[in-house]
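Trainee: File target.cif below, mmCIF, C-alpha atoms:
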```
data_my_file
loop_
_atom_site.label_atom_id
_atom_site.label_comp_id
_atom_site.auth_asym_id
_atom_site.auth_seq_id
_atom_site.Cartn_x
_atom_site.Cartn_y
_atom_site.Cartn_z
CA MET A 1037 -12.97 10.06 -23.91
CA SER A 1038 -10.66 9.26 -21.03
CA VAL A 1039 -6.91 8.84 -20.85
CA LYS A 1040 -6.13 5.56 -19.09
CA VAL A 1041 -2.66 5.52 -17.61
CA SER A 1042 -0.96 3.66 -14.80
CA ALA A 1043 -0.06 5.07 -11.42
CA GLU A 1044 3.58 4.59 -12.38
CA GLN A 1045 3.16 6.72 -15.51
CA ILE A 1046 1.45 9.47 -13.52
CA ALA A 1047 4.25 9.42 -10.95
CA SER A 1048 6.84 9.68 -13.74
CA TRP A 1049 5.02 12.61 -15.34
CA ASN A 1050 4.79 14.41 -12.00
CA SER A 1051 8.51 13.98 -11.42
CA GLU A 1052 9.28 15.48 -14.84
CA LEU A 1053 6.72 18.28 -14.68
CA ARG A 1054 7.93 19.64 -11.34
CA GLN A 1055 10.86 21.05 -13.28
CA LYS A 1056 8.61 22.77 -15.83
CA SER A 1057 6.92 26.19 -15.78
CA PRO A 1058 3.12 26.41 -15.50
CA LEU A 1059 2.90 27.41 -19.18
CA GLU A 1060 5.04 24.45 -20.22
CA ILE A 1061 2.80 22.16 -18.14
CA THR A 1062 -0.31 23.60 -19.78
CA GLN A 1063 1.15 23.19 -23.26
CA TRP A 1064 2.14 19.61 -22.39
CA ALA A 1065 -1.39 18.84 -21.19
CA ILE A 1066 -3.01 20.09 -24.39
CA ALA A 1067 -0.48 18.20 -26.53
CA LEU A 1068 -1.17 15.01 -24.56
CA ALA A 1069 -4.89 15.39 -25.23
CA LYS A 1070 -4.28 15.70 -28.96
CA GLU A 1071 -1.85 12.78 -28.99
CA SER A 1072 -4.46 10.58 -27.35
CA GLY A 1073 -7.12 11.59 -29.87
CA GLY A 1074 -9.05 13.54 -27.26
CA ASN A 1075 -9.44 17.14 -26.25
CA ALA A 1076 -8.68 19.39 -23.30
CA ILE A 1077 -10.73 21.90 -21.33
CA VAL A 1078 -10.05 24.21 -18.41
CA SER A 1079 -12.58 24.75 -15.63
CA THR A 1080 -13.10 27.89 -13.59
CA ASN A 1081 -15.31 29.42 -10.92
CA PHE A 1082 -13.74 32.90 -11.15
CA ARG A 1083 -12.50 32.76 -7.57
CA PRO A 1084 -9.34 34.65 -6.52
CA TYR A 1085 -6.33 33.93 -8.73
CA GLU A 1086 -8.38 32.08 -11.38
CA ALA A 1087 -7.19 34.58 -13.99
CA VAL A 1088 -3.75 32.95 -13.73
CA VAL A 1089 -4.80 29.53 -15.01
CA LEU A 1090 -7.18 31.07 -17.55
CA HIS A 1091 -4.33 33.18 -18.93
CA LEU A 1092 -2.11 30.08 -19.10
CA ALA A 1093 -4.84 28.15 -20.89
CA THR A 1094 -5.48 30.82 -23.51
CA GLN A 1095 -1.74 31.31 -24.06
CA ALA A 1096 -1.45 27.60 -24.83
CA GLN A 1097 -4.65 27.41 -26.92
CA ALA A 1098 -6.67 30.55 -27.54
CA ASP A 1099 -10.00 28.79 -28.08
CA LEU A 1100 -9.67 26.21 -25.30
CA PRO A 1101 -13.18 25.50 -23.91
CA VAL A 1102 -13.68 27.01 -20.44
CA LEU A 1103 -16.23 25.12 -18.33
CA TRP A 1104 -18.02 27.32 -15.79
CA VAL A 1105 -20.92 26.29 -13.58
CA ASP A 1106 -22.93 29.42 -12.87
CA HIS A 1107 -24.99 28.24 -9.92
CA GLY A 1108 -26.62 31.65 -9.59
CA TYR A 1109 -25.34 32.46 -6.10
CA ASN A 1110 -22.23 34.41 -7.06
CA ARG A 1111 -21.85 37.89 -5.66
CA PRO A 1112 -22.08 40.88 -8.04
CA ALA A 1113 -18.31 41.44 -7.91
CA THR A 1114 -17.69 37.88 -9.12
CA TYR A 1115 -20.06 38.24 -12.07
CA LYS A 1116 -18.40 41.54 -13.02
CA HIS A 1117 -14.99 39.91 -12.70
CA ALA A 1118 -16.10 37.01 -14.91
CA GLU A 1119 -17.21 39.42 -17.63
CA GLU A 1120 -13.95 41.39 -17.36
CA VAL A 1121 -11.74 38.29 -17.64
CA LYS A 1122 -13.87 36.86 -20.44
CA ALA A 1123 -13.42 40.03 -22.48
CA LEU A 1124 -9.75 40.49 -21.61
CA LEU A 1125 -8.70 36.94 -22.55
CA GLY A 1126 -11.34 36.22 -25.20
CA LEU A 1127 -12.50 33.16 -23.29
CA ASN A 1128 -14.37 30.41 -25.10
CA LEU A 1129 -16.71 30.23 -22.12
CA LYS A 1130 -19.10 27.29 -21.80
CA ALA A 1131 -21.53 28.13 -19.00
CA TYR A 1132 -23.69 25.43 -17.43
CA LEU A 1133 -26.59 26.23 -15.15
CA PRO A 1134 -28.49 24.07 -12.65
CA LYS A 1135 -31.84 22.63 -13.71
CA ILE A 1136 -33.48 24.64 -10.94
CA THR A 1137 -33.11 28.40 -10.36
CA PRO A 1138 -31.73 29.78 -7.08
CA ALA A 1139 -35.09 31.40 -6.30
CA HIS A 1140 -36.92 28.10 -6.82
CA ARG A 1141 -34.41 26.16 -4.70
CA ASP A 1142 -34.54 28.69 -1.88
CA ALA A 1143 -38.34 28.65 -1.87
CA ILE A 1144 -38.40 24.85 -1.50
CA ASP A 1145 -35.33 24.14 0.63
CA GLY A 1146 -34.71 27.43 2.42
CA PRO A 1147 -31.48 29.41 2.79
CA ILE A 1148 -28.05 28.12 1.80
CA PRO A 1149 -26.97 25.53 4.42
CA THR A 1150 -24.45 26.57 7.07
CA PRO A 1151 -21.07 24.83 7.64
CA GLU A 1152 -22.66 22.83 10.48
CA ASP A 1153 -25.14 21.20 8.09
CA GLU A 1154 -22.86 18.78 6.21
CA GLU A 1155 -25.66 16.79 4.59
CA GLY A 1156 -27.47 19.96 3.58
CA LEU A 1157 -24.32 21.33 1.95
CA LYS A 1158 -23.75 18.09 0.04
CA LYS A 1159 -27.33 18.17 -1.25
CA PHE A 1160 -26.95 21.83 -2.22
CA SER A 1161 -23.69 21.12 -4.04
CA ALA A 1162 -25.14 18.09 -5.84
CA VAL A 1163 -28.08 20.03 -7.27
CA MET A 1164 -26.57 23.46 -7.88
CA LYS A 1165 -22.97 22.62 -8.78
CA LEU A 1166 -22.14 18.95 -9.35
CA GLU A 1167 -25.02 18.02 -11.66
CA PRO A 1168 -24.41 20.90 -14.09
CA PHE A 1169 -20.66 20.27 -13.94
CA GLN A 1170 -21.17 16.60 -14.73
CA ARG A 1171 -23.47 17.57 -17.60
CA GLY A 1172 -20.79 19.92 -18.93
CA MET A 1173 -18.10 17.28 -18.69
CA ARG A 1174 -20.34 14.77 -20.44
CA GLU A 1175 -21.07 17.17 -23.33
CA LEU A 1176 -17.53 18.55 -23.70
CA ALA A 1177 -16.04 15.06 -23.10
CA PRO A 1178 -12.48 16.10 -22.26
CA SER A 1179 -9.68 13.59 -21.96
CA ILE A 1180 -7.65 16.27 -20.16
CA TRP A 1181 -9.13 18.56 -17.50
CA ILE A 1182 -6.95 21.56 -16.62
CA THR A 1183 -7.64 23.02 -13.18
CA ALA A 1184 -6.43 25.78 -10.86
CA LEU A 1185 -5.97 23.39 -7.93
CA ARG A 1186 -3.08 24.26 -5.61
CA LYS A 1187 -1.48 22.33 -2.79
CA VAL A 1188 -1.89 25.19 -0.30
CA GLN A 1189 -5.67 25.47 -0.73
CA ASN A 1190 -6.77 22.80 1.74
CA PRO A 1191 -5.56 19.50 3.27
CA ASN A 1192 -7.47 17.34 0.77
CA ARG A 1193 -5.74 18.93 -2.21
CA ALA A 1194 -2.30 18.62 -0.62
CA GLU A 1195 -2.60 14.88 -1.30
CA LEU A 1196 -2.90 15.44 -5.07
CA ASP A 1197 -0.20 16.50 -7.57
CA ILE A 1198 0.24 18.25 -10.92
CA VAL A 1199 -1.17 15.19 -12.68
CA SER A 1200 -3.81 13.04 -11.03
CA ALA A 1201 -6.39 10.55 -12.20
CA ASP A 1202 -9.95 11.78 -11.74
CA SER A 1203 -12.49 9.09 -10.91
CA ASN A 1204 -15.48 11.43 -10.77
CA PHE A 1205 -15.50 12.56 -14.39
CA GLY A 1206 -13.14 10.13 -16.16
CA SER A 1207 -10.51 12.66 -17.20
CA LEU A 1208 -6.84 13.09 -16.43
CA LYS A 1209 -6.61 16.15 -14.19
CA ILE A 1210 -3.72 18.58 -14.77
CA SER A 1211 -3.01 21.42 -12.33
CA PRO A 1212 -0.25 23.66 -13.76
CA VAL A 1213 -0.01 25.95 -10.69
CA PHE A 1214 -0.27 23.15 -8.13
CA TYR A 1215 2.94 24.18 -6.34
CA PHE A 1216 2.48 27.95 -6.64
CA SER A 1217 2.23 29.98 -3.44
CA ASP A 1218 -0.10 32.96 -3.05
CA ASP A 1219 2.89 35.26 -3.56
CA GLU A 1220 3.74 33.55 -6.84
CA MET A 1221 0.14 33.86 -7.98
CA GLU A 1222 0.16 37.57 -7.08
CA ALA A 1223 3.40 38.03 -9.01
CA TYR A 1224 1.93 36.32 -12.08
CA LEU A 1225 -1.14 38.56 -12.00
CA ALA A 1226 1.03 41.65 -11.71
CA ALA A 1227 3.43 40.58 -14.46
CA HIS A 1228 0.58 40.01 -16.93
CA LYS A 1229 -1.64 42.87 -15.71
CA LEU A 1230 -4.49 40.53 -14.84
CA PRO A 1231 -7.40 41.40 -12.53
CA ASN A 1232 -8.25 39.60 -9.31
CA GLU A 1233 -11.45 39.32 -7.28
CA TRP A 1234 -11.64 38.94 -3.50
CA ASP A 1235 -15.39 39.02 -2.87
CA TYR A 1236 -15.83 35.44 -4.08
CA PHE A 1237 -17.88 33.03 -1.96
CA ASP A 1238 -18.66 29.40 -2.79
CA PRO A 1239 -22.01 28.45 -1.19
CA ALA A 1240 -21.34 24.75 -1.92
CA LYS A 1241 -18.34 24.85 0.43
CA ALA A 1242 -19.38 27.36 3.09
CA ASP A 1243 -15.72 27.58 4.12
CA GLU A 1244 -12.37 26.97 2.41
CA LYS A 1245 -11.54 23.84 4.43
CA ARG A 1246 -14.38 21.87 2.85
CA GLU A 1247 -14.64 20.27 -0.59
CA CYS A 1248 -17.66 20.94 -2.78
CA GLY A 1249 -17.42 17.48 -4.34
CA LEU A 1250 -15.71 18.22 -7.66
CA HIS A 1251 -12.41 16.91 -6.33
CA ALA A 1252 -13.72 14.55 -3.63
CA GLY A 1253 -14.72 10.90 -3.93
CA TRP A 1254 -18.38 11.46 -3.03
CA GLY A 1255 -18.94 13.92 -5.89
CA LYS A 1256 -19.71 11.43 -8.65
CA SER A 1257 -22.57 9.64 -6.89
CA ALA A 1258 -23.92 12.94 -5.58
CA ALA A 1259 -24.05 14.40 -9.09
CA GLN A 1260 -25.77 11.29 -10.46
CA SER A 1261 -28.37 11.37 -7.71
CA ALA A 1262 -29.24 14.95 -8.65
CA SER A 1263 -29.59 14.22 -12.38
#
```
Give the structure from this file in structure tokens form.
Mentor:
Amino acid sequence: MSVKVSAEQIASWNSELRQKSPLEITQWAIALAKESGGNAIVSTNFRPYEAVVLHLATQAQADLPVLWVDHGYNRPATYKHAEEVKALLGLNLKAYLPKITPAHRDAIDGPIPTPEDEEGLKKFSAVMKLEPFQRGMRELAPSIWITALRKVQNPNRAELDIVSADSNFGSLKISPVFYFSDDEMEAYLAAHKLPNEWDYFDPAKADEKRECGLHAGWGKSAAQSAS
């Protein structure tokens, strides 16, 4: 189920929410989902600072579904971090895996593409990340999608806001920490005694300046082509 709202309504919400705390924004997002007869989820990849938005989500709704695509290429530290955060916050984790294993993909297509191979990276992302994410979104069917997107992460995301319409998966995207700096994220982790993880690497991006497709216009068609 999707929430269909005008650009004017989204702009009004963003103006109001800039004065709210991340927890208030998260609570507002979940209430909006219920008011519209839908449901909310939060997504994660267990990258650095993800524990912040996961803590916010579970504070607002303890059993909120947590969508995680485990593409199989995470480093050991990230998997250990995922297990630690899951246990600490009691996450209602919904893990989705690609239809092909990493070993199978590597045997057929070779190593993970490098940043210079844009088409190769898009194909990798479509098969190993976007298709399982789209499957998860289809099954969980959220009207509200809570994310850890922040303005400082890369130039593409700086053009978004706390509330934005998502054309890839048909949900209203809410980013409670959109305007948080790294220092503010660090302070939140410290205040709530939450763990962090710095060994994270996203093979679908290859570097932090790229988009994997979840929040870029080409992601929807790429996911469908990999289905």
Trainee: Which of these residues is nearest to A:Asn1075, using all atoms listed in the file: A:Leu1176, A:Ala1118, A:Val1213, A:Ala1201?
Mentor: A:Leu1176
Trainee: Can you check which parts of stretch 1143-1231 of chain A lie within 12 Å of stretch 1125-1138 of chain A? Per residue, the shortest pair of atoms and distance in Å to one decimal, counting all atoms listed in the file, sorted by chain and number, as a Markdown table.
Mentor:
```
| residue | atom | partner | partner_atom | distance |
| --- | --- | --- | --- | --- |
| A:Ala1143 | CA | A:Pro1138 | CA | 8.5 |
| A:Ile1144 | CA | A:Pro1138 | CA | 10.0 |
| A:Asp1145 | CA | A:Pro1138 | CA | 10.2 |
| A:Gly1146 | CA | A:Pro1138 | CA | 10.2 |
| A:Pro1147 | CA | A:Pro1138 | CA | 9.9 |
| A:Ile1148 | CA | A:Pro1138 | CA | 9.8 |
| A:Phe1160 | CA | A:Pro1138 | CA | 10.5 |
| A:Ser1161 | CA | A:Pro1134 | CA | 10.3 |
| A:Ala1162 | CA | A:Pro1134 | CA | 9.7 |
| A:Val1163 | CA | A:Pro1134 | CA | 6.7 |
| A:Met1164 | CA | A:Pro1134 | CA | 5.2 |
| A:Lys1165 | CA | A:Pro1134 | CA | 6.9 |
| A:Leu1166 | CA | A:Pro1134 | CA | 8.8 |
| A:Glu1167 | CA | A:Pro1134 | CA | 7.0 |
| A:Pro1168 | CA | A:Pro1134 | CA | 5.4 |
| A:Phe1169 | CA | A:Tyr1132 | CA | 6.9 |
| A:Gln1170 | CA | A:Tyr1132 | CA | 9.6 |
| A:Arg1171 | CA | A:Tyr1132 | CA | 7.9 |
| A:Gly1172 | CA | A:Tyr1132 | CA | 6.4 |
| A:Met1173 | CA | A:Tyr1132 | CA | 10.0 |
| A:Arg1174 | CA | A:Tyr1132 | CA | 11.6 |
| A:Glu1175 | CA | A:Lys1130 | CA | 10.4 |
| A:Leu1176 | CA | A:Lys1130 | CA | 9.1 |
| A:His1228 | CA | A:Leu1125 | CA | 11.3 |
| A:Lys1229 | CA | A:Leu1125 | CA | 11.5 |
| A:Leu1230 | CA | A:Leu1125 | CA | 9.5 |
| A:Pro1231 | CA | A:Leu1125 | CA | 11.0 |
```
Trainee: Using C-alpha atoms, can you write the selected residues to a file as a PDB file, in the frame of the given file?
Mentor:
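The resulting out_24.pdb:
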```
ATOM      1  CA  ALA A1143     -38.340  28.650  -1.870  1.00  0.00           C
ATOM      2  CA  ILE A1144     -38.400  24.850  -1.500  1.00  0.00           C
ATOM      3  CA  ASP A1145     -35.330  24.140   0.630  1.00  0.00           C
ATOM      4  CA  GLY A1146     -34.710  27.430   2.420  1.00  0.00           C
ATOM      5  CA  PRO A1147     -31.480  29.410   2.790  1.00  0.00           C
ATOM      6  CA  ILE A1148     -28.050  28.120   1.800  1.00  0.00           C
ATOM      7  CA  PHE A1160     -26.950  21.830  -2.220  1.00  0.00           C
ATOM      8  CA  SER A1161     -23.690  21.120  -4.040  1.00  0.00           C
ATOM      9  CA  ALA A1162     -25.140  18.090  -5.840  1.00  0.00           C
ATOM     10  CA  VAL A1163     -28.080  20.030  -7.270  1.00  0.00           C
ATOM     11  CA  MET A1164     -26.570  23.460  -7.880  1.00  0.00           C
ATOM     12  CA  LYS A1165     -22.970  22.620  -8.780  1.00  0.00           C
ATOM     13  CA  LEU A1166     -22.140  18.950  -9.350  1.00  0.00           C
ATOM     14  CA  GLU A1167     -25.020  18.020 -11.660  1.00  0.00           C
ATOM     15  CA  PRO A1168     -24.410  20.900 -14.090  1.00  0.00           C
ATOM     16  CA  PHE A1169     -20.660  20.270 -13.940  1.00  0.00           C
ATOM     17  CA  GLN A1170     -21.170  16.600 -14.730  1.00  0.00           C
ATOM     18  CA  ARG A1171     -23.470  17.570 -17.600  1.00  0.00           C
ATOM     19  CA  GLY A1172     -20.790  19.920 -18.930  1.00  0.00           C
ATOM     20  CA  MET A1173     -18.100  17.280 -18.690  1.00  0.00           C
ATOM     21  CA  ARG A1174     -20.340  14.770 -20.440  1.00  0.00           C
ATOM     22  CA  GLU A1175     -21.070  17.170 -23.330  1.00  0.00           C
ATOM     23  CA  LEU A1176     -17.530  18.550 -23.700  1.00  0.00           C
ATOM     24  CA  HIS A1228       0.580  40.010 -16.930  1.00  0.00           C
ATOM     25  CA  LYS A1229      -1.640  42.870 -15.710  1.00  0.00           C
ATOM     26  CA  LEU A1230      -4.490  40.530 -14.840  1.00  0.00           C
ATOM     27  CA  PRO A1231      -7.400  41.400 -12.530  1.00  0.00           C
TER      28      PRO A1231
END
```
Trainee: Quick one: distance from atom CA of A:Tyr1085 to atom CA of A:Val1105 in Å, one decimal?
Mentor: 17.2 Å
Trainee: What residues come out when you apply the PyMOL selection byres ((chain A and resi 1103) around 6) to this file, written as a list in words?
Mentor: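 The output of the PyMOL selection byres ((chain A and resi 1103) around 6) on this file is Ser1079, Val1102, Trp1104 and Lys1130 of chain A.
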Trainee: Could you state the separation of atom CA of A:Pro1058 and atom CA of A:Ser1207 in Å, given to one decimal place?
Mentor: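 Separation of atom CA of A:Pro1058 and atom CA of A:Ser1207: 19.4 Å.
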Trainee: Identify the residues within 9 Å of coordinate (-8.3, 11.3, -23.6) (same frame as the file), considering only C-alpha atoms, and give the answer as a PDB file with C-alpha atoms, in the coordinates of the input.
Mentor:
```
ATOM      1  CA  MET A1037     -12.970  10.060 -23.910  1.00  0.00           C
ATOM      2  CA  SER A1038     -10.660   9.260 -21.030  1.00  0.00           C
ATOM      3  CA  VAL A1039      -6.910   8.840 -20.850  1.00  0.00           C
ATOM      4  CA  LYS A1040      -6.130   5.560 -19.090  1.00  0.00           C
ATOM      5  CA  LEU A1068      -1.170  15.010 -24.560  1.00  0.00           C
ATOM      6  CA  ALA A1069      -4.890  15.390 -25.230  1.00  0.00           C
ATOM      7  CA  LYS A1070      -4.280  15.700 -28.960  1.00  0.00           C
ATOM      8  CA  GLU A1071      -1.850  12.780 -28.990  1.00  0.00           C
ATOM      9  CA  SER A1072      -4.460  10.580 -27.350  1.00  0.00           C
ATOM     10  CA  GLY A1073      -7.120  11.590 -29.870  1.00  0.00           C
ATOM     11  CA  GLY A1074      -9.050  13.540 -27.260  1.00  0.00           C
ATOM     12  CA  ASN A1075      -9.440  17.140 -26.250  1.00  0.00           C
ATOM     13  CA  ALA A1076      -8.680  19.390 -23.300  1.00  0.00           C
ATOM     14  CA  ALA A1177     -16.040  15.060 -23.100  1.00  0.00           C
ATOM     15  CA  PRO A1178     -12.480  16.100 -22.260  1.00  0.00           C
ATOM     16  CA  SER A1179      -9.680  13.590 -21.960  1.00  0.00           C
ATOM     17  CA  ILE A1180      -7.650  16.270 -20.160  1.00  0.00           C
ATOM     18  CA  GLY A1206     -13.140  10.130 -16.160  1.00  0.00           C
ATOM     19  CA  SER A1207     -10.510  12.660 -17.200  1.00  0.00           C
ATOM     20  CA  LEU A1208      -6.840  13.090 -16.430  1.00  0.00           C
TER      21      LEU A1208
END
```
Trainee: Please identify every residue of stretch 1167-1239 of chain A that has at least one atom no farther than 12 Å from an atom of stretch 1080-1084 of chain A, counting only C-alpha atoms, and for each give the shortest atom pair and the distance in Å to one decimal, arranged by chain then increasing number, as JSON lines.
Mentor:
```
{"residue": "A:Phe1169", "atom": "CA", "partner": "A:Thr1080", "partner_atom": "CA", "distance": 10.7}
{"residue": "A:Trp1181", "atom": "CA", "partner": "A:Thr1080", "partner_atom": "CA", "distance": 10.9}
{"residue": "A:Ile1182", "atom": "CA", "partner": "A:Thr1080", "partner_atom": "CA", "distance": 9.3}
{"residue": "A:Thr1183", "atom": "CA", "partner": "A:Thr1080", "partner_atom": "CA", "distance": 7.3}
{"residue": "A:Ala1184", "atom": "CA", "partner": "A:Thr1080", "partner_atom": "CA", "distance": 7.5}
{"residue": "A:Leu1185", "atom": "CA", "partner": "A:Thr1080", "partner_atom": "CA", "distance": 10.2}
{"residue": "A:Gln1189", "atom": "CA", "partner": "A:Pro1084", "partner_atom": "CA", "distance": 11.5}
{"residue": "A:Asp1218", "atom": "CA", "partner": "A:Pro1084", "partner_atom": "CA", "distance": 10.0}
{"residue": "A:Met1221", "atom": "CA", "partner": "A:Pro1084", "partner_atom": "CA", "distance": 9.6}
{"residue": "A:Glu1222", "atom": "CA", "partner": "A:Pro1084", "partner_atom": "CA", "distance": 10.0}
{"residue": "A:Leu1225", "atom": "CA", "partner": "A:Pro1084", "partner_atom": "CA", "distance": 10.6}
{"residue": "A:Leu1230", "atom": "CA", "partner": "A:Pro1084", "partner_atom": "CA", "distance": 11.3}
{"residue": "A:Pro1231", "atom": "CA", "partner": "A:Pro1084", "partner_atom": "CA", "distance": 9.2}
{"residue": "A:Asn1232", "atom": "CA", "partner": "A:Pro1084", "partner_atom": "CA", "distance": 5.8}
{"residue": "A:Glu1233", "atom": "CA", "partner": "A:Pro1084", "partner_atom": "CA", "distance": 5.2}
{"residue": "A:Trp1234", "atom": "CA", "partner": "A:Pro1084", "partner_atom": "CA", "distance": 5.7}
{"residue": "A:Asp1235", "atom": "CA", "partner": "A:Pro1084", "partner_atom": "CA", "distance": 8.3}
{"residue": "A:Tyr1236", "atom": "CA", "partner": "A:Arg1083", "partner_atom": "CA", "distance": 5.5}
{"residue": "A:Phe1237", "atom": "CA", "partner": "A:Arg1083", "partner_atom": "CA", "distance": 7.8}
{"residue": "A:Asp1238", "atom": "CA", "partner": "A:Arg1083", "partner_atom": "CA", "distance": 8.5}
{"residue": "A:Pro1239", "atom": "CA", "partner": "A:Asn1081", "partner_atom": "CA", "distance": 11.9}
```
Trainee: Selected residues, C-alpha atoms, written as a short mmCIF file (atom, residue, chain, number, x, y, z; two decimals), keeping the file's coordinate frame, please.
Mentor:
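Saved file selection_37.cif follows:
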```cif
data_model
loop_
_atom_site.label_atom_id
_atom_site.label_comp_id
_atom_site.auth_asym_id
_atom_site.auth_seq_id
_atom_site.Cartn_x
_atom_site.Cartn_y
_atom_site.Cartn_z
CA PHE A 1169 -20.66 20.27 -13.94
CA TRP A 1181 -9.13 18.56 -17.50
CA ILE A 1182 -6.95 21.56 -16.62
CA THR A 1183 -7.64 23.02 -13.18
CA ALA A 1184 -6.43 25.78 -10.86
CA LEU A 1185 -5.97 23.39 -7.93
CA GLN A 1189 -5.67 25.47 -0.73
CA ASP A 1218 -0.10 32.96 -3.05
CA MET A 1221 0.14 33.86 -7.98
CA GLU A 1222 0.16 37.57 -7.08
CA LEU A 1225 -1.14 38.56 -12.00
CA LEU A 1230 -4.49 40.53 -14.84
CA PRO A 1231 -7.40 41.40 -12.53
CA ASN A 1232 -8.25 39.60 -9.31
CA GLU A 1233 -11.45 39.32 -7.28
CA TRP A 1234 -11.64 38.94 -3.50
CA ASP A 1235 -15.39 39.02 -2.87
CA TYR A 1236 -15.83 35.44 -4.08
CA PHE A 1237 -17.88 33.03 -1.96
CA ASP A 1238 -18.66 29.40 -2.79
CA PRO A 1239 -22.01 28.45 -1.19
#
```
Trainee: Find the residues around A:Ser1200 up to 10 Å (all atoms listed in the file counted), leave out those fewer than 2 positions away in its own chain, and share them as a tab-separated table (two decimals) with C-alpha atoms, keeping the file's coordinate frame.
Mentor:
```
chain	number	residue	atom	x	y	z
A	1043	ALA	CA	-0.06	5.07	-11.42
A	1046	ILE	CA	1.45	9.47	-13.52
A	1047	ALA	CA	4.25	9.42	-10.95
A	1049	TRP	CA	5.02	12.61	-15.34
A	1050	ASN	CA	4.79	14.41	-12.00
A	1195	GLU	CA	-2.60	14.88	-1.30
A	1196	LEU	CA	-2.90	15.44	-5.07
A	1197	ASP	CA	-0.20	16.50	-7.57
A	1198	ILE	CA	0.24	18.25	-10.92
A	1202	ASP	CA	-9.95	11.78	-11.74
A	1203	SER	CA	-12.49	9.09	-10.91
A	1207	SER	CA	-10.51	12.66	-17.20
A	1208	LEU	CA	-6.84	13.09	-16.43
A	1209	LYS	CA	-6.61	16.15	-14.19
A	1210	ILE	CA	-3.72	18.58	-14.77
A	1211	SER	CA	-3.01	21.42	-12.33
```
Trainee: As a JSON list (two decimals), in the frame of the given file, please: stretch 1087-1102 of chain A completed to N, CA and C atoms.
Mentor:
```json
[["chain", "number", "residue", "atom", "x", "y", "z"],
["A", 1087, "ALA", "N", -7.67, 33.97, -12.75],
["A", 1087, "ALA", "CA", -7.19, 34.58, -13.99],
["A", 1087, "ALA", "C", -5.83, 34.02, -14.40],
["A", 1088, "VAL", "N", -5.07, 33.52, -13.42],
["A", 1088, "VAL", "CA", -3.75, 32.95, -13.73],
["A", 1088, "VAL", "C", -3.90, 31.73, -14.64],
["A", 1089, "VAL", "N", -4.67, 30.75, -14.21],
["A", 1089, "VAL", "CA", -4.80, 29.53, -15.01],
["A", 1089, "VAL", "C", -5.55, 29.78, -16.31],
["A", 1090, "LEU", "N", -6.47, 30.73, -16.31],
["A", 1090, "LEU", "CA", -7.18, 31.07, -17.55],
["A", 1090, "LEU", "C", -6.25, 31.74, -18.54],
["A", 1091, "HIS", "N", -5.34, 32.56, -18.06],
["A", 1091, "HIS", "CA", -4.33, 33.18, -18.93],
["A", 1091, "HIS", "C", -3.41, 32.11, -19.49],
["A", 1092, "LEU", "N", -2.96, 31.18, -18.64],
["A", 1092, "LEU", "CA", -2.11, 30.08, -19.10],
["A", 1092, "LEU", "C", -2.81, 29.28, -20.20],
["A", 1093, "ALA", "N", -4.08, 28.97, -19.95],
["A", 1093, "ALA", "CA", -4.84, 28.15, -20.89],
["A", 1093, "ALA", "C", -4.97, 28.83, -22.24],
["A", 1094, "THR", "N", -5.29, 30.12, -22.24],
["A", 1094, "THR", "CA", -5.48, 30.82, -23.51],
["A", 1094, "THR", "C", -4.15, 31.10, -24.21],
["A", 1095, "GLN", "N", -3.06, 31.18, -23.44],
["A", 1095, "GLN", "CA", -1.74, 31.31, -24.06],
["A", 1095, "GLN", "C", -1.37, 30.02, -24.80],
["A", 1096, "ALA", "N", -1.77, 28.90, -24.23],
["A", 1096, "ALA", "CA", -1.45, 27.60, -24.83],
["A", 1096, "ALA", "C", -2.39, 27.26, -25.99],
["A", 1097, "GLN", "N", -3.66, 27.64, -25.86],
["A", 1097, "GLN", "CA", -4.65, 27.41, -26.92],
["A", 1097, "GLN", "C", -5.75, 28.45, -26.77],
["A", 1098, "ALA", "N", -5.79, 29.39, -27.68],
["A", 1098, "ALA", "CA", -6.67, 30.55, -27.54],
["A", 1098, "ALA", "C", -8.14, 30.20, -27.39],
["A", 1099, "ASP", "N", -8.58, 29.14, -28.10],
["A", 1099, "ASP", "CA", -10.00, 28.79, -28.08],
["A", 1099, "ASP", "C", -10.31, 27.61, -27.16],
["A", 1100, "LEU", "N", -9.44, 27.33, -26.21],
["A", 1100, "LEU", "CA", -9.67, 26.21, -25.30],
["A", 1100, "LEU", "C", -11.01, 26.38, -24.58],
["A", 1101, "PRO", "N", -11.89, 25.37, -24.61],
["A", 1101, "PRO", "CA", -13.18, 25.50, -23.91],
["A", 1101, "PRO", "C", -12.98, 25.72, -22.41],
["A", 1102, "VAL", "N", -13.75, 26.66, -21.87],
["A", 1102, "VAL", "CA", -13.68, 27.01, -20.44],
["A", 1102, "VAL", "C", -15.02, 26.64, -19.80]]
```
